Structure formats: C-alpha cells, structure tokens
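Listing of input-v5.txt; format and content: compact mmCIF, C-alpha atoms and all ligand atoms.
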```txt
# COMPACT_ATOMS: atom_id res chain seq x y z
CA MET A 1 162.04 144.18 109.88
CA PHE A 2 161.16 145.46 106.44
CA GLN A 3 164.68 145.13 105.08
CA GLY A 4 165.02 142.03 102.97
CA PRO A 5 161.48 141.31 101.82
CA LEU A 6 161.03 144.85 100.51
CA THR A 7 164.62 145.46 99.40
CA GLU A 8 165.22 142.46 97.16
CA SER A 9 164.31 141.31 93.72
CA ILE A 10 161.06 142.53 92.14
CA LEU A 11 160.05 144.95 94.91
CA GLN A 12 163.47 146.62 95.01
CA ARG A 13 163.50 146.91 91.21
CA ALA A 14 159.98 148.44 91.31
CA GLN A 15 161.20 151.06 93.78
CA ASP A 16 164.37 151.76 91.78
CA GLU A 17 162.25 152.33 88.69
CA GLY A 18 159.81 154.56 90.58
CA LYS A 19 156.86 152.21 90.02
CA ILE A 20 156.15 152.07 93.75
CA GLU A 21 157.30 154.08 96.77
CA ILE A 22 157.44 152.71 100.30
CA HIS A 23 158.01 154.97 103.31
CA PHE A 24 158.44 153.84 106.90
CA HIS A 25 157.28 155.76 109.95
CA ASP A 26 158.28 154.77 113.46
CA LEU A 27 155.31 155.22 115.81
CA ARG A 28 157.70 155.78 118.70
CA THR A 29 158.53 159.17 117.16
CA PHE A 30 154.96 160.11 118.04
CA GLY A 31 155.13 158.57 121.52
CA GLN A 32 154.35 160.51 124.68
CA GLY A 33 156.72 161.72 127.42
CA ASN A 34 160.41 161.12 127.92
CA TYR A 35 160.02 157.43 127.20
CA ARG A 36 158.08 158.07 124.02
CA GLN A 37 155.33 155.83 125.32
CA VAL A 38 153.07 154.28 122.69
CA ASP A 39 151.33 151.59 124.74
CA ASP A 40 149.37 151.33 127.97
CA LYS A 41 147.33 148.88 130.02
CA PRO A 42 143.84 148.03 128.70
CA TYR A 43 140.79 149.38 130.53
CA GLY A 44 138.92 146.51 132.13
CA GLY A 45 142.12 144.64 132.86
CA GLY A 46 143.53 141.57 131.20
CA ALA A 47 146.92 140.51 129.97
CA GLY A 48 149.02 142.52 127.56
CA MET A 49 149.40 146.12 126.54
CA LEU A 50 147.49 148.15 123.99
CA MET A 51 148.74 150.73 121.53
CA MET A 52 147.42 154.16 122.50
CA ALA A 53 145.21 156.20 120.19
CA GLU A 54 147.11 159.50 120.35
CA PRO A 55 150.48 158.42 118.86
CA ILE A 56 148.71 156.49 116.08
CA VAL A 57 146.35 159.30 115.16
CA SER A 58 149.17 161.89 115.32
CA ALA A 59 151.24 159.71 113.01
CA ILE A 60 148.41 159.24 110.51
CA GLU A 61 147.62 162.97 110.53
CA LYS A 62 151.25 164.04 110.15
CA VAL A 63 152.04 161.58 107.37
CA THR A 64 148.85 162.62 105.55
CA ALA A 65 149.58 166.33 105.90
CA GLU A 66 153.27 166.16 105.03
CA ALA A 67 152.82 164.10 101.90
CA GLN A 68 150.91 167.06 100.40
CA GLN A 69 149.04 164.85 98.00
CA LYS A 70 145.76 165.95 96.52
CA LYS A 71 144.22 162.52 97.14
CA LYS A 72 143.56 161.14 100.59
CA PRO A 73 145.40 158.00 101.63
CA TYR A 74 143.45 154.77 102.07
CA ARG A 75 144.21 153.78 105.66
CA ILE A 76 144.38 150.09 106.42
CA TYR A 77 144.89 148.53 109.83
CA LEU A 78 146.31 145.01 109.64
CA SER A 79 144.30 143.00 112.14
CA PRO A 80 143.17 139.39 112.65
CA ARG A 81 139.68 140.87 113.11
CA GLY A 82 139.71 142.37 109.62
CA LYS A 83 138.29 141.18 106.32
CA LYS A 84 140.33 138.38 104.82
CA LEU A 85 142.89 139.41 102.20
CA THR A 86 141.92 137.73 98.93
CA GLN A 87 143.15 138.21 95.38
CA THR A 88 139.98 140.16 94.57
CA ARG A 89 140.63 142.50 97.50
CA VAL A 90 144.29 142.87 96.46
CA GLU A 91 143.26 143.83 92.91
CA ARG A 92 140.69 146.33 94.21
CA ILE A 93 143.26 148.02 96.44
CA ALA A 94 145.84 148.18 93.62
CA LYS A 95 143.31 149.66 91.20
CA LYS A 96 141.49 152.07 93.49
CA TYR A 97 144.06 153.41 95.91
CA PRO A 98 147.31 154.93 94.63
CA TRP A 99 148.33 155.81 98.18
CA ILE A 100 147.80 153.57 101.18
CA ILE A 101 148.82 153.87 104.81
CA LEU A 102 149.36 150.54 106.56
CA LEU A 103 149.09 150.54 110.32
CA CYS A 104 150.93 147.68 112.01
CA GLY A 105 149.64 146.76 115.44
CA HIS A 106 151.58 145.18 118.29
CA TYR A 107 150.90 143.70 121.72
CA GLU A 108 147.10 143.22 122.12
CA GLY A 109 146.41 145.58 119.23
CA ILE A 110 145.23 149.18 119.16
CA ASP A 111 142.70 151.35 120.99
CA GLN A 112 139.35 150.76 119.22
CA ARG A 113 138.71 154.52 119.04
CA VAL A 114 141.31 154.83 116.26
CA ILE A 115 138.97 152.70 114.13
CA ASP A 116 135.64 154.02 115.40
CA GLY A 117 136.84 157.63 115.21
CA GLY A 118 137.32 157.38 111.44
CA TRP A 119 141.10 157.25 111.16
CA ILE A 120 141.05 153.79 109.59
CA ASP A 121 139.20 152.97 106.35
CA GLU A 122 139.48 149.19 106.42
CA GLU A 123 140.73 146.41 108.67
CA ILE A 124 142.43 143.58 106.81
CA SER A 125 143.52 140.17 108.04
CA ILE A 126 145.97 137.96 106.17
CA GLY A 127 144.42 134.81 107.64
CA ASP A 128 142.81 133.18 110.63
CA TYR A 129 145.83 133.00 112.89
CA VAL A 130 147.60 135.50 115.12
CA LEU A 131 151.08 136.90 114.49
CA THR A 132 153.15 138.95 116.92
CA GLY A 133 152.86 142.18 114.93
CA GLY A 134 151.45 143.79 111.82
CA GLU A 135 154.76 144.07 109.95
CA ILE A 136 154.66 140.67 108.23
CA PRO A 137 150.97 141.13 107.26
CA ALA A 138 151.89 144.60 105.89
CA MET A 139 154.67 143.09 103.81
CA VAL A 140 152.32 140.42 102.49
CA LEU A 141 149.85 143.09 101.44
CA ILE A 142 152.56 145.29 99.88
CA ASP A 143 153.96 142.39 97.87
CA ALA A 144 150.55 141.21 96.64
CA VAL A 145 149.37 144.73 95.73
CA ALA A 146 152.67 145.81 94.14
CA ARG A 147 152.64 142.98 91.62
CA GLN A 148 149.30 144.29 90.34
CA ILE A 149 150.79 147.71 89.54
CA PRO A 150 151.48 148.04 85.81
CA GLY A 151 155.19 147.65 85.05
CA VAL A 152 156.17 146.13 88.39
CA LEU A 153 156.40 142.63 86.94
CA GLY A 154 158.70 142.14 83.97
CA LYS A 155 157.33 140.75 80.73
CA ASP A 156 158.25 137.22 81.83
CA GLU A 157 156.36 137.57 85.10
CA SER A 158 152.75 138.24 84.17
CA ALA A 159 150.13 138.59 86.90
CA ALA A 160 147.27 138.02 84.46
CA GLU A 161 147.10 134.22 84.51
CA GLU A 162 147.79 133.32 88.10
CA SER A 163 145.89 131.40 90.74
CA PHE A 164 142.74 133.30 91.78
CA SER A 165 142.98 135.71 88.82
CA GLU A 166 139.91 136.60 86.79
CA ALA A 167 141.51 135.00 83.72
CA LEU A 168 141.51 131.66 85.53
CA ASP A 169 137.94 132.08 86.83
CA ARG A 170 139.41 132.78 90.32
CA LYS A 171 140.53 129.13 90.48
CA LYS A 172 143.90 127.64 91.40
CA GLU A 173 146.34 127.47 88.55
CA TYR A 174 147.28 124.41 86.44
CA PRO A 175 150.63 122.65 87.13
CA HIS A 176 153.85 123.66 85.34
CA TYR A 177 156.81 121.65 84.02
CA THR A 178 160.24 122.54 82.64
CA ARG A 179 163.22 120.52 81.37
CA PRO A 180 164.08 117.66 81.47
CA GLU A 181 161.17 115.77 79.90
CA ASP A 182 161.90 112.83 82.19
CA PHE A 183 162.91 113.63 85.76
CA ARG A 184 163.83 110.44 87.62
CA GLY A 185 161.07 108.53 85.88
CA HIS A 186 158.46 111.30 86.22
CA LYS A 187 157.42 112.42 82.74
CA VAL A 188 156.03 115.71 81.49
CA PRO A 189 152.39 115.19 80.35
CA ASP A 190 152.42 114.33 76.62
CA VAL A 191 150.00 117.10 75.71
CA LEU A 192 152.51 119.78 76.76
CA LEU A 193 155.07 118.35 74.32
CA SER A 194 152.58 118.08 71.46
CA GLY A 195 152.87 121.69 70.28
CA HIS A 196 149.07 121.62 69.84
CA HIS A 197 148.02 124.94 71.38
CA ALA A 198 144.29 124.29 71.52
CA GLU A 199 144.87 120.93 73.22
CA ILE A 200 147.29 122.51 75.71
CA GLU A 201 144.76 125.22 76.54
CA LYS A 202 142.05 122.60 77.00
CA TRP A 203 144.30 120.50 79.28
CA ARG A 204 145.28 123.53 81.36
CA LYS A 205 141.63 124.51 81.80
CA GLU A 206 140.83 121.00 82.99
CA GLN A 207 143.62 121.21 85.56
CA LEU A 208 142.22 124.34 87.27
CA GLN A 209 140.96 123.66 90.76
N1 LIG B 301 144.57 140.79 120.33
C1 LIG B 301 144.53 140.60 118.90
C2 LIG B 301 143.45 139.58 118.58
O1 LIG B 301 143.24 138.65 119.35
O2 LIG B 301 142.83 139.71 117.49
C3 LIG B 301 145.85 140.10 118.36
C4 LIG B 301 146.93 141.12 118.38
S1 LIG B 301 148.39 140.59 117.57
C5 LIG B 301 149.25 139.75 118.83
C6 LIG B 301 149.32 142.06 117.36
C7 LIG B 301 149.19 142.71 116.00
O3 LIG B 301 149.65 141.84 114.99
C8 LIG B 301 147.80 143.11 115.57
O4 LIG B 301 147.43 144.34 116.12
C9 LIG B 301 147.93 143.16 114.07
O5 LIG B 301 148.42 144.40 113.60
C10 LIG B 301 148.97 142.09 113.78
N2 LIG B 301 148.38 140.82 113.32
C11 LIG B 301 148.46 139.63 113.97
N3 LIG B 301 147.85 138.65 113.28
C12 LIG B 301 147.40 139.21 112.15
C13 LIG B 301 146.67 138.72 111.02
N4 LIG B 301 146.29 137.46 110.92
N5 LIG B 301 146.36 139.59 110.01
C14 LIG B 301 146.72 140.88 110.10
N6 LIG B 301 147.40 141.41 111.15
C15 LIG B 301 147.73 140.60 112.16
```
Would you kindly transcribe this structure into structure tokens?
Amino acid sequence: MFQGPLTESILQRAQDEGKIEIHFHDLRTFGQGNYRQVDDKPYGGGAGMLMMAEPIVSAIEKVTAEAQQKKKPYRIYLSPRGKKLTQTRVERIAKKYPWIILLCGHYEGIDQRVIDGGWIDEEISIGDYVLTGGEIPAMVLIDAVARQIPGVLGKDESAAEESFSEALDRKKEYPHYTRPEDFRGHKVPDVLLSGHHAEIEKWRKEQLQ
C-alpha cells in the first residue's frame, strides 16, 4: 500500500538524499502459530476482529532494539480516537522526534492494553471519520511531517508560508495566480501586477482566512 505515495516525487527524493528514512514492518511476521495469527475475537462479543497485543508489542520491541539508536522512538498509534492531526502537531512531531514508529490498526482496532501498558506514546487521528486501516493515515502523517524536515522541500517549495503556518498566523493561505493575466475573462487581481511589494503584502494579508 505504501508504494506510490511514499515512492514518488518529493518523498522519494528526500529518501534518495538521506533526509528521511522510512522502514516497513509486517506485523504478520510477529504473528502467533502456524497461521501467524495477529487478530482475535473481542472479549464481550460484538462484530469484527481485534489486533492482538502480543504481535504488536513484540514488533515494537524488536524494531526498537534492532535499530540500536541512542534515542527512544516516539510511538504513535493512528486511531480515530486519537488527538486530531493539526499543523501545530505536525510541526511539533517534526521538531521533537527524529525517530517515530507508526502503528497502523486494522479491523476493529487494537487491544487497549498496548496503549495502557505504555507501548504507545500518542494516539493520533487524521479526522473525524473512519478508514479501513491505519496505512493511509500513516502516509498522511509521514507526508506532513517530512515536509517540515529541513532540506526535504526544494528552494521553490517552502513550507514557511503555508496555510496554518505560524507565518500566516495559523490562518488559511491567500489565493495564487499564474499566467495568463486573463483566463477566459477571469483577470488576475490588479494589485498582483502592480509590482508594489508593500501593497501585495497588504492584499495577501487581507486574503487570509
Ligand atoms: N473501531 C474503531 C473505531 O470505531 O474508532 C475503528 C477501527 S478502523 C476500521 C481500523 C483502523 O484504521 C484503526 O485501528 C486505525 O489504525 C485506522 N483508522 C481509521 N480511521 C482513522 C482515522 N480517522 N485516523 C487515524 N487512523 C484511522
């Protein structure tokens, strides 16, 4: 699932240049028995299966131990129950945590004891809706965090003045225009053609939402 979004364009270039590293770990490798079982029925009944604690915790422990890093990983479980992913949260993660483990849930989710037992540092949701698995949320988080890492964006792709950035008072960005000046009767605002930098700045500030 991760091929494509993480192996194209800016994120592939960032990996090629060693700005970010992404490793994938298949939980089934840590599954139990001949069938490498990773899920089971929930206690108390109800529809759906739940991911078992043991394979998840084994995976987190093995990945943490094998990486032989001095720092501990920041372990995030992608979950609709988590705190909402915002630009501020993205910036905090990029700044504070050089190494993160992203746990992608499936089915009904994971055994709560993985969280309560201290193997997860934060639960993060990408929005108030439910997806089939944690992979797409993980990719959203990777993309948003990666573009905050110095050098990941080229000089023409600054992250400084974007919607929700501090530079724009956490507001939504102003609109953009490129050539032609007149597109099927729709004109570029005069101020942007004036060459008057102070006026352009003022106009852009007024356009923030
Ligand atoms: N039973 C869970 C609930 O009602 O909150 C939903 C489980 S969902 C079908 C399966 C997995 O997808 C979750 O464990 C989580 O990893 C991921 N997921 C689904 N929606 C998500 C969201 N909005 N944000 C982050 N992860 C999500």
| query | In file coordinates, which residues lie within 10 Å of (150.1, 155.5, 93.3) using all atoms listed in the file, given as a list in words? | reply | Lys19, Ile20, Glu21, Lys71, Pro73, Ala94, Lys95, Lys96, Tyr97, Pro98, Trp99, Ile100 and Ile149 of chain A
| said: Just the number, please: distance in Å from atom CA of A:Ala65 to atom CA of A:Met139, one decimal. | reply: 23.9 Å
| field | Residues near stretch 101-113 of chain A, cut-off 6 Å, only C-alpha atoms, skip fewer than 5 positions along chain, as a list in words | value |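 The residues satisfying every condition are Gly48, Met49, Leu50, Met51, Met52, Ala53, Arg75, Ile76, Tyr77, Leu78, Gly133, Gly134 and Glu135 of chain A.
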Preceding selection exported with C-alpha atoms as a PDB file, in the coordinates of the input:
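Once everything was written out, this is selection-v3.pdb:
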```pdb
ATOM      1  CA  GLY A  48     149.020 142.520 127.560  1.00  0.00           C
ATOM      2  CA  MET A  49     149.400 146.120 126.540  1.00  0.00           C
ATOM      3  CA  LEU A  50     147.490 148.150 123.990  1.00  0.00           C
ATOM      4  CA  MET A  51     148.740 150.730 121.530  1.00  0.00           C
ATOM      5  CA  MET A  52     147.420 154.160 122.500  1.00  0.00           C
ATOM      6  CA  ALA A  53     145.210 156.200 120.190  1.00  0.00           C
ATOM      7  CA  ARG A  75     144.210 153.780 105.660  1.00  0.00           C
ATOM      8  CA  ILE A  76     144.380 150.090 106.420  1.00  0.00           C
ATOM      9  CA  TYR A  77     144.890 148.530 109.830  1.00  0.00           C
ATOM     10  CA  LEU A  78     146.310 145.010 109.640  1.00  0.00           C
ATOM     11  CA  GLY A 133     152.860 142.180 114.930  1.00  0.00           C
ATOM     12  CA  GLY A 134     151.450 143.790 111.820  1.00  0.00           C
ATOM     13  CA  GLU A 135     154.760 144.070 109.950  1.00  0.00           C
TER      14      GLU A 135
END
```
Could you work out an axis-aligned box for stretch 74-85 of chain A, taking every atom the file lists and adding 8 Å on each side, and report centre and edge lengths in Å to one decimal, as AutoDock Vina command-line options?
```
--center_x 142.3 --center_y 146.6 --center_z 107.6 --size_x 24.0 --size_y 32.4 --size_z 27.0
```
| Which of A:Ala59, A:Ile200, A:Val145, A:Val152 sits closest to A:Arg92 [using only C-alpha atoms] |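 The shortest atom-to-atom distance to A:Arg92 comes from A:Val145.
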| said: Considering all atoms listed in the file, can you say which of A:Thr132, A:Asn34, A:Thr88, A:Gln12 comes closest to ligand LIG 301 (chain B)? | reply: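 Closest to ligand LIG 301 (chain B), using all atoms listed in the file: A:Thr132.
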| task | Measuring atom to atom with all atoms listed in the file, identify which of A:Ala67, A:Leu192, A:Ile124, A:Ala198 is nearest to A:Pro137. | result |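 Nearest candidate to A:Pro137 out of A:Ala67, A:Leu192, A:Ile124, A:Ala198: A:Ile124.
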| field | Distance of atom CA of A:Pro175 from atom CA of A:Val188, expressed in Å to one decimal place | value |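 Answer for the atom CA of A:Val188 to atom CA of A:Pro175 separation: 10.4 Å.
Nearest to A:Pro5 of all the residues A:Ser125, A:Ala138, A:Arg170, A:Lys70 is A:Ala138, based on only C-alpha atoms.
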| query | Which protein, DNA or RNA residues have an atom at most 9 Å from (149.0, 158.2, 110.2), counting all atoms listed in the file? List them as a list of chain:residue names. | reply | A:His25, A:Leu27, A:Pro55, A:Ile56, A:Val57, A:Ser58, A:Ala59, A:Ile60, A:Glu61, A:Lys62, A:Val63, A:Thr64, A:Arg75, A:Ile101, A:Leu102, A:Leu103, A:Trp119
Can you spit out stretch 1-17 of chain A with all heavy atoms, as a compact mmCIF listing (two decimals), in the first residue's frame, from the structure just given?
```
# COMPACT_ATOMS: atom_id res chain seq x y z
N MET A 1 0.81 -1.22 0.00
CA MET A 1 0.00 0.00 0.00
C MET A 1 0.84 1.26 0.00
O MET A 1 0.40 2.31 -0.43
CB MET A 1 -0.89 0.03 1.24
CG MET A 1 -2.20 -0.67 1.06
SD MET A 1 -3.24 -0.43 2.49
CE MET A 1 -4.01 1.13 2.09
N PHE A 2 2.03 1.16 0.54
CA PHE A 2 2.84 2.37 0.72
C PHE A 2 3.58 2.78 -0.55
O PHE A 2 4.09 3.88 -0.63
CB PHE A 2 3.83 2.17 1.86
CG PHE A 2 3.17 2.02 3.20
CD1 PHE A 2 2.91 0.77 3.74
CD2 PHE A 2 2.77 3.14 3.92
CE1 PHE A 2 2.29 0.62 4.97
CE2 PHE A 2 2.14 3.01 5.15
CZ PHE A 2 1.90 1.75 5.68
N GLN A 3 3.65 1.83 -1.51
CA GLN A 3 4.29 2.18 -2.78
C GLN A 3 3.44 3.24 -3.44
O GLN A 3 2.23 3.22 -3.36
CB GLN A 3 4.39 0.95 -3.69
CG GLN A 3 5.20 -0.19 -3.11
CD GLN A 3 6.63 0.23 -2.80
OE1 GLN A 3 7.31 0.78 -3.66
NE2 GLN A 3 7.07 -0.02 -1.59
N GLY A 4 4.07 4.12 -4.14
CA GLY A 4 3.32 5.20 -4.80
C GLY A 4 3.43 6.47 -3.97
O GLY A 4 4.36 7.25 -4.19
N PRO A 5 2.55 6.63 -2.97
CA PRO A 5 2.62 7.87 -2.19
C PRO A 5 4.01 8.14 -1.58
O PRO A 5 4.44 9.28 -1.50
CB PRO A 5 1.58 7.65 -1.08
CG PRO A 5 0.61 6.70 -1.67
CD PRO A 5 1.39 5.81 -2.59
N LEU A 6 4.68 7.07 -1.14
CA LEU A 6 5.97 7.30 -0.49
C LEU A 6 7.15 7.10 -1.43
O LEU A 6 8.30 7.23 -1.01
CB LEU A 6 6.11 6.38 0.74
CG LEU A 6 5.02 6.51 1.80
CD1 LEU A 6 5.34 5.64 3.01
CD2 LEU A 6 4.84 7.96 2.24
N THR A 7 6.88 6.72 -2.68
CA THR A 7 7.99 6.42 -3.59
C THR A 7 7.93 7.30 -4.84
O THR A 7 8.35 6.88 -5.92
CB THR A 7 8.00 4.92 -3.99
OG1 THR A 7 6.73 4.61 -4.57
CG2 THR A 7 8.24 4.02 -2.82
N GLU A 8 7.34 8.46 -4.70
CA GLU A 8 7.24 9.40 -5.82
C GLU A 8 7.70 10.76 -5.34
O GLU A 8 7.65 11.07 -4.16
CB GLU A 8 5.78 9.55 -6.28
CG GLU A 8 5.15 8.29 -6.82
CD GLU A 8 5.59 7.96 -8.23
OE1 GLU A 8 6.03 8.87 -8.96
OE2 GLU A 8 5.51 6.77 -8.60
N SER A 9 8.12 11.55 -6.32
CA SER A 9 8.26 12.99 -6.13
C SER A 9 9.09 13.38 -4.89
O SER A 9 10.17 12.83 -4.66
CB SER A 9 6.83 13.56 -6.07
OG SER A 9 6.81 14.93 -5.89
N ILE A 10 8.56 14.29 -4.11
CA ILE A 10 9.34 14.90 -3.01
C ILE A 10 9.77 13.86 -1.97
O ILE A 10 10.90 13.86 -1.50
CB ILE A 10 8.52 16.03 -2.34
CG1 ILE A 10 8.30 17.16 -3.36
CG2 ILE A 10 9.20 16.55 -1.10
CD1 ILE A 10 7.38 18.27 -2.89
N LEU A 11 8.87 12.94 -1.62
CA LEU A 11 9.22 11.96 -0.57
C LEU A 11 10.27 10.97 -1.06
O LEU A 11 11.14 10.54 -0.29
CB LEU A 11 7.97 11.23 -0.08
CG LEU A 11 6.97 12.10 0.69
CD1 LEU A 11 5.86 11.26 1.26
CD2 LEU A 11 7.66 12.88 1.80
N GLN A 12 10.23 10.60 -2.34
CA GLN A 12 11.26 9.70 -2.86
C GLN A 12 12.60 10.44 -2.91
O GLN A 12 13.63 9.89 -2.51
CB GLN A 12 10.89 9.19 -4.27
CG GLN A 12 11.93 8.23 -4.83
CD GLN A 12 12.11 6.98 -3.97
OE1 GLN A 12 11.18 6.25 -3.72
NE2 GLN A 12 13.33 6.75 -3.49
N ARG A 13 12.56 11.68 -3.36
CA ARG A 13 13.80 12.47 -3.43
C ARG A 13 14.41 12.63 -2.02
O ARG A 13 15.61 12.49 -1.83
CB ARG A 13 13.50 13.86 -4.04
CG ARG A 13 14.75 14.69 -4.31
CD ARG A 13 14.38 16.06 -4.81
NE ARG A 13 13.71 16.84 -3.79
CZ ARG A 13 12.90 17.88 -4.01
NH1 ARG A 13 12.61 18.24 -5.24
NH2 ARG A 13 12.34 18.55 -3.02
N ALA A 14 13.54 12.88 -1.02
CA ALA A 14 14.02 13.04 0.35
C ALA A 14 14.71 11.77 0.85
O ALA A 14 15.71 11.82 1.56
CB ALA A 14 12.86 13.40 1.27
N GLN A 15 14.17 10.62 0.45
CA GLN A 15 14.80 9.36 0.86
C GLN A 15 16.10 9.14 0.09
O GLN A 15 17.10 8.71 0.66
CB GLN A 15 13.83 8.20 0.61
CG GLN A 15 12.62 8.24 1.53
CD GLN A 15 11.56 7.22 1.14
OE1 GLN A 15 11.65 6.06 1.48
NE2 GLN A 15 10.56 7.67 0.40
N ASP A 16 16.10 9.44 -1.20
CA ASP A 16 17.32 9.29 -2.00
C ASP A 16 18.46 10.13 -1.44
O ASP A 16 19.61 9.73 -1.45
CB ASP A 16 17.07 9.71 -3.46
CG ASP A 16 16.14 8.76 -4.17
OD1 ASP A 16 15.95 7.63 -3.66
OD2 ASP A 16 15.58 9.13 -5.23
N GLU A 17 18.09 11.31 -0.94
CA GLU A 17 19.11 12.23 -0.43
C GLU A 17 19.41 12.00 1.05
O GLU A 17 20.16 12.75 1.66
CB GLU A 17 18.64 13.68 -0.64
CG GLU A 17 18.59 14.05 -2.12
CD GLU A 17 18.01 15.44 -2.35
OE1 GLU A 17 17.55 16.10 -1.38
OE2 GLU A 17 18.02 15.87 -3.52
```
